[in-house]
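Read through the structure below, which is laid out as structure tokens, and then see the notes.
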Amino acid sequence: MPGDKSISHRYVLLGALAEGTTSIAGLAPGADVASSVACMHAMGAAITRTGRGALQIHGRGRHRLTPADGDLDCGNSGTTLRLLAGIVASHPFRSRLVGDASLSRRPMRRVIDPLTSMGATITAQDGRAPLEIIGADLRAIDWTPPVASAQIKSAILLAGLAARGTTIVREPLPTRDHTERAFDLFGIRHDSRAGYAAVTGGQCPVAPAGVLQVPGDPSSAAVWAAIAASRPGWSVEIQGVCLNPLRLGFVQALSRMGADVRITESAKAGGESVGLVRVAFGTPQTATIGPEMVPSLIDELPVLAASAALGGGLRVSGAAELRVKESDRIASLALGFRQLGVRMTEHPDGFVIEGGQRPSGGQVDAHLDHRLVMAFTVLALSASGPTLITGADAVAVSYPGFHADLLRLCQ
Ligand code: S3P
């Protein structure tokens, strides 16, 4: 699998802030992480590509980041924009964070509010990017975000690194803890447990000794898992997958959907466990996913929905966040599935999809959303006619080798 996107962002951002030189291998190859690299480069970190997926970052350390010459272009990447907002909030100059059409539609008040409370001055367009941020000497906050989001948590914790006092984030539900695990690697003291994280300001990250190896991306693995689970006789074995429990909701969901799923932990990479995921078609069952599970599989819901339409069906609730991802994933899935001959009932915070459906194929648009390309591909493989996905190059945001791997696996 390509390196994990979430972890790659964090290693790049912390590497740029750190004292010393950080070496990273297995970096996520997609455009999203390239946006984080470009932004940190624009703010003075010296970044050298040392091989495929390998970078060396000479961090700014105590010298801190410098103003970029122009806009900081976050492209399609919500993680870049929100985490970077947390970083520039403590740098005493003006930064302008921009994104593509999809990112410019996404809600940013969730980071504007806490960062403003900490002392930054932020101007937005009706709560959306472009964001103009004038950094300041920040004060710590104790914050309960309105939604469970690792991006909000991480933005606040990164700002907290440079704030006076101890910054605390209390989450409505536990979210991926890659920032906290990366803090350990970069020598940052923090107090974290499920749903709670606290960091005291005045700490400068220190580049870890050795090479940080990014584990394989479970969100990319999920598409192959969803495909394998969707047809009798199909199976897949995926190596080197990050087995962080806060990312493995899709494994639990596939089991509930009746797939035969096995996980074997084999190693540690960076601060994460890594291992093998084996998935085979099993006995399709109707599955239910409620709010408590959503943060652990939010990015995987589109491919799970496609697999469930072919299998035993799926009911999802408590997933309103899907509406503010790279596209409104509930509306665009319903539309795209309909165009491919599959019925899905939309709800404000989820959907219901019946099992045992046979897609017709057809023409469908990816809406600038990489996860939709993957979900439509799951249906296309079992459709009675051909499928044309327009805008399918959006997949390069997280998985540029997706089409090549698809061809390889289908031969
Ligand atoms: C991410 C967190 C999730 C996820 C996104 C990556 C991260 O978003 O959907 O793809 O790297 O922190 P939210 O934190 O907004 O839920």
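Note on naming: chains are A, B, ... as they come in the structure tokens, residues start from 1 per chain, ligands start from 1 in the order shown.
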Give the residues close to ligand 1, within 6 Å, counting only C-alpha atoms and all ligand atoms; write them as a PDB file with N, CA, C and O atoms, in the first residue's frame.
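The resulting part26.pdb:
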```pdb
ATOM      1  N   SER A   6      -2.489  10.334   6.423  1.00  0.00           N
ATOM      2  CA  SER A   6      -2.600  11.102   7.678  1.00  0.00           C
ATOM      3  C   SER A   6      -1.256  11.167   8.397  1.00  0.00           C
ATOM      4  O   SER A   6      -0.839  12.230   8.886  1.00  0.00           O
ATOM      5  N   THR A  79      -6.530  18.205   5.484  1.00  0.00           N
ATOM      6  CA  THR A  79      -5.572  17.990   6.575  1.00  0.00           C
ATOM      7  C   THR A  79      -4.480  19.054   6.519  1.00  0.00           C
ATOM      8  O   THR A  79      -4.110  19.634   7.543  1.00  0.00           O
ATOM      9  N   SER A 149     -13.199  15.139  15.291  1.00  0.00           N
ATOM     10  CA  SER A 149     -12.360  15.340  14.117  1.00  0.00           C
ATOM     11  C   SER A 149     -10.892  15.403  14.520  1.00  0.00           C
ATOM     12  O   SER A 149     -10.492  16.254  15.316  1.00  0.00           O
ATOM     13  N   ALA A 150     -10.100  14.501  13.948  1.00  0.00           N
ATOM     14  CA  ALA A 150      -8.662  14.491  14.237  1.00  0.00           C
ATOM     15  C   ALA A 150      -7.997  15.732  13.674  1.00  0.00           C
ATOM     16  O   ALA A 150      -6.955  16.166  14.177  1.00  0.00           O
ATOM     17  N   GLN A 151      -8.584  16.295  12.631  1.00  0.00           N
ATOM     18  CA  GLN A 151      -7.993  17.509  12.060  1.00  0.00           C
ATOM     19  C   GLN A 151      -8.148  18.681  13.029  1.00  0.00           C
ATOM     20  O   GLN A 151      -7.215  19.461  13.219  1.00  0.00           O
ATOM     21  N   ILE A 298     -14.659   6.721   8.714  1.00  0.00           N
ATOM     22  CA  ILE A 298     -15.321   7.791   7.959  1.00  0.00           C
ATOM     23  C   ILE A 298     -14.893   7.814   6.488  1.00  0.00           C
ATOM     24  O   ILE A 298     -15.722   7.949   5.597  1.00  0.00           O
ATOM     25  N   ASP A 299     -13.591   7.641   6.223  1.00  0.00           N
ATOM     26  CA  ASP A 299     -13.111   7.729   4.837  1.00  0.00           C
ATOM     27  C   ASP A 299     -13.408   6.457   4.045  1.00  0.00           C
ATOM     28  O   ASP A 299     -13.295   6.449   2.818  1.00  0.00           O
TER      29      ASP A 299
END
```
Quiz item: Among range 192-312 of chain A, which ones does DSSP place in strand (DSSP E or B), written as number ranges by chain?
Solution: A: 192-193, 196-200, 206, 211-213, 216, 235-242, 260-269, 272-280, 287-289
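Nearest residue to Leu276 in chain A, choosing from A:Leu97, A:Met1, A:Val294, A:Ala209 and counting only C-alpha atoms: A:Met1.
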Quiz item: Can you tell me, as a PyMOL selection string, what residues are no more than 9 Å from range 40-52 of chain A when counting only C-alpha atoms, ignoring any on the same chain fewer than 5 positions away?
Solution: chain A and resi 12-13+15-17+23+25-27+29+35+57-60+64-70+72+84
Quiz item: If you count only C-alpha atoms, which residues fall within 10 Å of Asp184 in chain A, apart from same-chain ones fewer than 5 positions away, as a ChimeraX atom specification?
Solution: /A:178-179,189-190,205,208,270-271
Keeping only N, CA, C and O atoms, write the selected residues as a PDB file, in the first residue's frame.
```
ATOM      1  N   HIS A 178      -2.808   9.894  15.438  1.00  0.00           N
ATOM      2  CA  HIS A 178      -1.480   9.925  14.810  1.00  0.00           C
ATOM      3  C   HIS A 178      -0.650  11.128  15.271  1.00  0.00           C
ATOM      4  O   HIS A 178       0.571  11.045  15.347  1.00  0.00           O
ATOM      5  N   THR A 179      -1.308  12.247  15.553  1.00  0.00           N
ATOM      6  CA  THR A 179      -0.548  13.418  16.020  1.00  0.00           C
ATOM      7  C   THR A 179       0.086  13.111  17.367  1.00  0.00           C
ATOM      8  O   THR A 179       1.280  13.384  17.590  1.00  0.00           O
ATOM      9  N   ARG A 189       6.321  16.148  25.023  1.00  0.00           N
ATOM     10  CA  ARG A 189       5.587  15.590  26.161  1.00  0.00           C
ATOM     11  C   ARG A 189       4.108  15.958  26.028  1.00  0.00           C
ATOM     12  O   ARG A 189       3.771  17.092  25.712  1.00  0.00           O
ATOM     13  N   HIS A 190       3.250  14.982  26.249  1.00  0.00           N
ATOM     14  CA  HIS A 190       1.809  15.245  26.193  1.00  0.00           C
ATOM     15  C   HIS A 190       1.114  14.222  27.064  1.00  0.00           C
ATOM     16  O   HIS A 190       1.706  13.217  27.461  1.00  0.00           O
ATOM     17  N   PRO A 205       9.657  20.536  18.796  1.00  0.00           N
ATOM     18  CA  PRO A 205       9.914  19.141  18.419  1.00  0.00           C
ATOM     19  C   PRO A 205      11.387  18.921  18.090  1.00  0.00           C
ATOM     20  O   PRO A 205      12.053  19.841  17.620  1.00  0.00           O
ATOM     21  N   PRO A 208      13.646  12.964  15.151  1.00  0.00           N
ATOM     22  CA  PRO A 208      13.987  11.643  15.686  1.00  0.00           C
ATOM     23  C   PRO A 208      15.259  11.103  15.037  1.00  0.00           C
ATOM     24  O   PRO A 208      15.543  11.428  13.883  1.00  0.00           O
ATOM     25  N   GLY A 270       7.478   3.505  12.804  1.00  0.00           N
ATOM     26  CA  GLY A 270       7.227   4.772  13.480  1.00  0.00           C
ATOM     27  C   GLY A 270       6.576   4.437  14.807  1.00  0.00           C
ATOM     28  O   GLY A 270       6.991   3.528  15.511  1.00  0.00           O
ATOM     29  N   GLY A 271       5.523   5.094  15.152  1.00  0.00           N
ATOM     30  CA  GLY A 271       4.844   4.792  16.409  1.00  0.00           C
ATOM     31  C   GLY A 271       3.644   3.885  16.214  1.00  0.00           C
ATOM     32  O   GLY A 271       2.759   3.866  17.056  1.00  0.00           O
TER      33      GLY A 271
END
```
Practice problem: From the DSSP assignment of the backbone, select every residue of range 153-298 of chain A that is helix (DSSP H, G or I), and format the answer as a ChimeraX atom specification. | Solution: /A:153-160,178-185,218-228,245-247,249-256,291-296,298
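Within 7 Å of range 380-389 of chain A there are Arg358, Pro359, Ser360, Gly361, Gly362, Gln363, Val364, Asp365 and Ala366 of chain A, counting only C-alpha atoms and ignoring same-chain residues fewer than 6 positions away.
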Using only C-alpha atoms, tabulate the residues of range 198-237 of chain A lying at most 10 Å from any atom of range 167-170 of chain A, each with its closest atom pair and that distance in Å to one decimal, by chain and increasing residue number, as a tab-separated table.
```
residue	atom	partner	partner_atom	distance
A:Ala198	CA	A:Ile168	CA	4.3
A:Val199	CA	A:Thr167	CA	5.4
A:Thr200	CA	A:Thr167	CA	6.2
A:Gly201	CA	A:Thr167	CA	7.6
```
Let me see the file: selected residues, all heavy atoms, as a PDB file, in the first residue's frame.
```pdb
ATOM      1  N   ALA A 198      -3.694  16.521  25.844  1.00  0.00           N
ATOM      2  CA  ALA A 198      -3.226  17.765  26.459  1.00  0.00           C
ATOM      3  C   ALA A 198      -1.747  17.944  26.165  1.00  0.00           C
ATOM      4  O   ALA A 198      -0.977  16.986  26.237  1.00  0.00           O
ATOM      5  CB  ALA A 198      -3.454  17.717  27.968  1.00  0.00           C
ATOM      6  N   VAL A 199      -1.379  19.169  25.808  1.00  0.00           N
ATOM      7  CA  VAL A 199       0.030  19.463  25.555  1.00  0.00           C
ATOM      8  C   VAL A 199       0.363  20.818  26.170  1.00  0.00           C
ATOM      9  O   VAL A 199      -0.450  21.745  26.115  1.00  0.00           O
ATOM     10  CB  VAL A 199       0.344  19.411  24.031  1.00  0.00           C
ATOM     11  CG1 VAL A 199      -0.302  20.559  23.267  1.00  0.00           C
ATOM     12  CG2 VAL A 199       1.837  19.400  23.767  1.00  0.00           C
ATOM     13  N   THR A 200       1.537  20.898  26.771  1.00  0.00           N
ATOM     14  CA  THR A 200       1.964  22.159  27.384  1.00  0.00           C
ATOM     15  C   THR A 200       2.862  22.903  26.408  1.00  0.00           C
ATOM     16  O   THR A 200       3.703  22.289  25.738  1.00  0.00           O
ATOM     17  CB  THR A 200       2.681  21.870  28.714  1.00  0.00           C
ATOM     18  OG1 THR A 200       1.735  21.205  29.557  1.00  0.00           O
ATOM     19  CG2 THR A 200       3.136  23.147  29.398  1.00  0.00           C
ATOM     20  N   GLY A 201       2.668  24.204  26.309  1.00  0.00           N
ATOM     21  CA  GLY A 201       3.397  25.013  25.330  1.00  0.00           C
ATOM     22  C   GLY A 201       4.867  25.186  25.671  1.00  0.00           C
ATOM     23  O   GLY A 201       5.345  24.720  26.712  1.00  0.00           O
TER      24      GLY A 201
END
```
